[in-house]
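All remarks here apply to the structure that follows.
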Amino acid sequence: MSDVYAEPTTGTFQDGPAALARYTTLRLGGPAARLETATSAAEIVQKVQEAEARDERVLILSGGSNVVIGDQGFPGTVVLIRSRGFQVIAEDPDTVTVRVEAGERWDDLVAATIERGWSGLECLSGVPGSAGATPIQNVGAYGQEVAETITAVEAYDRTHGEIVRIAAADCGFAYRGSIFKYSDRWVVLSVDFRLARSPLSTPVRYAELARALGVEVGDRVPLADARATVLRLRAGKGMVLDADDPDTWSVGSFFTNPVLEREAYELLRERAADLGEPPSWPGAGDVVKISAAWLIDKAGFGKGHPGPEGVAISSKHTLALTNRSGTAHTAALIALAREIRDAVHDRFAVTLHPEPVLINCTI
């Protein structure tokens with residue numbers, strides 16, 4: 001499942017009723033052999049089972065902001081997840097647990113929790129996508145990750161043909177990862193989130209957000225203030241979907257921030273000695289997370305760097321690769337991604353890995 005819900009777009013290169021470009025924020029992707037829409041958990045399971053009975057491959061797609069689909073499309077059944085809604089399933093004086101359908105639009109959910117005075121998702125405002133896809137990527141931004149609030153994920157287990165509820169501890173959450181990512185076994189149906197009853201945000205952890213709010217790291221702010229500031233910061237980087245802004249015709253960050261062992265980190269520092277200290281964050285154990293945006297920029301790929309057919313690095317954010325023309329092929333975007341990856345490796349001996357799921361294409 002991709003981690004987004006996107007309304008169909010128009011004017012894309014591979015147009016037509018089954019063109020997957022209509023359902024991706026990159027506006028790229030060839031046709032599906034079969035396209036189905038599911039509006040409830042039961043219908044999601046039914047559509048998957050029917051495709052399996054036909055011996056067809058299955059792709060679960062909630063909209064397309066974290067997926068890159070090749071020009072040949074998908075030779076099987078694509079199930080569009082369009083289930084909606086959430087309900088409170090448990091509460092006490094301090095917390096509330098909500099069960100959210102897989103197709104519920106993520107930012108609508110975040111806005112609803114803030115209106116109700118529930119804290120824990122506010123720094124994830126503006127992330128395009130659906131609630132059911134957030135555990136797959138362990139979506140995170142501005143110091144929050146969904147792994148911190150998810151208590152369980154309901155999924156259809158295609159291996160055993162049954163619906164299961166997986167506790168958060170068994171989801172294998174990691175940096176931008178989980179047991180669900182790169183696996184065809186699980187189809188997420190709903191997600192449970194436990195949130196605090198509080199008019200204030202969780203402690204602000206991200207220095208950029210703290211500066212924008214005018215507070216210190218560790219302070220709490222009104223939920224509405226946190227949301228408004230995060231939305232403003234994301235919009236300034238082209239990370240809030242806008243049909244009229246080609247800088248948002250992307251999958252957001254195309255590469256993850258590399259996590260290096262100490263030896264690799266020291267080698268990077270040697271290679272970058274003439275460029276200053278690489279932005280980095282210590283991780284668990286003896287590892288260091290490095291800014292992919294810094295590596296890309298210092299390898300010679302600045303904001304707006306062009307690629308073939310009108311694809312380009314975003315003019316607002318070095319990590320975003322965009323289909324600015326709206327008429328490119330997926331192959332053109334992949335070519336730009338390869339060029340960037342290879343140049344970073346040649347310059348710094350660090351390998352960048354794509355953040356989105358690649359379907360029928362590879363770098």
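Just remember, in the structure tokens the first chain shown is A, the second B, etc., residues are 1-based per chain, and ligands are 1-based in the order shown.
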Per-residue nearest contacts range 307-359 of chain A to range 257-262 of chain A, cut-off 9 Å, using only C-alpha atoms, as a Markdown table:
| residue | atom | partner | partner_atom | distance |
| --- | --- | --- | --- | --- |
| A:Val350 | CA | A:Pro258 | CA | 7.6 |
| A:Thr351 | CA | A:Pro258 | CA | 7.5 |
| A:Leu352 | CA | A:Pro258 | CA | 6.5 |
| A:His353 | CA | A:Pro258 | CA | 7.7 |
I'd like to know which residues of range 157-300 of chain A are helix (DSSP H, G or I) (by DSSP, run on the backbone); could you write them as an NGL selection string?
:A and (168-170 or 207-213 or 223-236 or 246-248 or 262-271 or 273-275 or 292-298)
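Residues surrounding range 310-324 of chain A within 7 Å are Leu26, Gly236, Lys237, Gly238, Pro246, Asp247, Trp249, Ser250, Val251, Gly252, Ser253, Phe254, Phe255, Ala293, Asp297, Gly302, Lys303, Gly304, His305, Pro306, Ala328, Ala332 and Leu333 of chain A [only C-alpha atoms; sequence separation below 4 positions excluded].
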Write out as a ChimeraX atom specification which residues come within 8 Å of Val58 in chain A when counting only C-alpha atoms, dropping same-chain ones fewer than 6 positions away.
/A:48,51-52,76-79
Write the residues of the selection above to a file with N, CA and C atoms, as a tab-separated table (two decimals), in the first residue's frame.
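As a result, part_5.tsv now contains:
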chain	number	residue	atom	x	y	z
A	48	VAL	N	-9.33	-8.55	-2.83
A	48	VAL	CA	-8.06	-9.27	-2.83
A	48	VAL	C	-8.28	-10.76	-3.07
A	51	ALA	N	-9.13	-11.47	-6.71
A	51	ALA	CA	-7.95	-11.41	-7.57
A	51	ALA	C	-7.09	-12.65	-7.41
A	52	GLU	N	-6.94	-13.12	-6.16
A	52	GLU	CA	-6.16	-14.33	-5.92
A	52	GLU	C	-6.81	-15.54	-6.59
A	76	GLY	N	-1.75	-6.77	-13.18
A	76	GLY	CA	-2.62	-7.49	-12.27
A	76	GLY	C	-3.73	-6.59	-11.79
A	77	THR	N	-4.29	-6.90	-10.62
A	77	THR	CA	-5.38	-6.11	-10.04
A	77	THR	C	-4.83	-5.08	-9.08
A	78	VAL	N	-5.22	-3.84	-9.28
A	78	VAL	CA	-4.91	-2.76	-8.35
A	78	VAL	C	-6.18	-2.46	-7.57
A	79	VAL	N	-6.10	-2.57	-6.24
A	79	VAL	CA	-7.24	-2.28	-5.38
A	79	VAL	C	-7.05	-0.90	-4.75
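Residue neighbourhood of Val288 in chain A, excluding near-sequence residues (fewer than 3 positions): Asn257, Pro258, Val259, Leu260, Glu261, Arg262, Glu263, Ala264, Tyr265, Glu266, Leu268, Arg269, Pro278, Pro279, Ser280, Trp281, Pro282, Gly283, Ala284, Gly285 and Ser291 of chain A, at 12 Å, using only C-alpha atoms.
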Nearest-residue call for Leu223 in chain A, choices A:Ser119, A:Gln144, A:Thr24, A:Ser190, using only C-alpha atoms:
A:Ser119
Within 12 Å of range 159-178 of chain A: each range 2-91 of chain A residue with its shortest pair, only C-alpha atoms, as CSV:
residue,atom,partner,partner_atom,distance
A:Asp3,CA,A:Arg176,CA,11.2
A:Ala41,CA,A:Ile163,CA,10.0
A:Ala42,CA,A:Ile163,CA,10.0
A:Ile44,CA,A:Ile163,CA,11.3
A:Val45,CA,A:Ile163,CA,8.7
A:Gln46,CA,A:Gly161,CA,11.1
A:Val48,CA,A:Gly161,CA,10.3
A:Gln49,CA,A:Gly161,CA,8.5
A:Glu52,CA,A:Gly161,CA,10.7
A:Asn66,CA,A:Arg176,CA,11.4
Please return as a PyMOL selection string: the residues of range 174-237 of chain A that backbone DSSP assigns to strand (DSSP E or B).
chain A and resi 174+177+186-197+200+222
Quick one: contact table of range 187-275 of chain A to range 86-109 of chain A, 9 Å max, nearest atom pair and distance in Å to one decimal per residue, counting only C-alpha atoms, chain and number order, as CSV?
residue,atom,partner,partner_atom,distance
A:Val188,CA,A:Ala102,CA,6.4
A:Leu189,CA,A:Ala102,CA,5.1
A:Ser190,CA,A:Glu101,CA,4.5
A:Val191,CA,A:Val100,CA,5.3
A:Asp192,CA,A:Arg99,CA,4.4
A:Phe193,CA,A:Val98,CA,5.4
A:Arg194,CA,A:Thr97,CA,4.2
A:Leu195,CA,A:Val96,CA,5.4
A:Ala196,CA,A:Thr95,CA,4.4
A:Arg197,CA,A:Thr95,CA,5.2
A:Ser198,CA,A:Asp94,CA,8.0
Output N, CA and C atoms for every residue in that selection, as a CSV table (one decimal), in the first residue's frame.
chain,number,residue,atom,x,y,z
A,188,VAL,N,-3.4,-3.8,5.2
A,188,VAL,CA,-3.9,-3.1,6.3
A,188,VAL,C,-5.3,-2.7,6.2
A,189,LEU,N,-6.2,-3.0,7.2
A,189,LEU,CA,-7.6,-2.7,7.1
A,189,LEU,C,-8.0,-1.5,8.1
A,190,SER,N,-7.3,-1.5,9.2
A,190,SER,CA,-7.6,-0.4,10.2
A,190,SER,C,-6.4,-0.2,11.1
A,191,VAL,N,-6.3,0.9,11.8
A,191,VAL,CA,-5.2,1.2,12.7
A,191,VAL,C,-5.7,1.8,14.0
A,192,ASP,N,-5.2,1.4,15.1
A,192,ASP,CA,-5.6,1.9,16.4
A,192,ASP,C,-4.5,2.9,16.9
A,193,PHE,N,-4.9,4.1,17.3
A,193,PHE,CA,-4.0,5.1,17.8
A,193,PHE,C,-4.4,5.5,19.2
A,194,ARG,N,-3.5,5.5,20.2
A,194,ARG,CA,-3.8,6.0,21.5
A,194,ARG,C,-3.2,7.4,21.7
A,195,LEU,N,-4.1,8.3,22.0
A,195,LEU,CA,-3.7,9.7,22.0
A,195,LEU,C,-4.0,10.3,23.4
A,196,ALA,N,-3.2,11.3,23.8
A,196,ALA,CA,-3.4,12.0,25.1
A,196,ALA,C,-4.5,13.0,25.0
A,197,ARG,N,-5.3,13.1,26.1
A,197,ARG,CA,-6.2,14.2,26.2
A,197,ARG,C,-5.5,15.4,26.7
A,198,SER,N,-5.2,16.3,25.8
A,198,SER,CA,-4.4,17.5,26.2
A,198,SER,C,-4.6,18.5,25.1
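Between CA of Ala224 in chain A and CA of Pro199 in chain A there is a distance of 8.6 Å.
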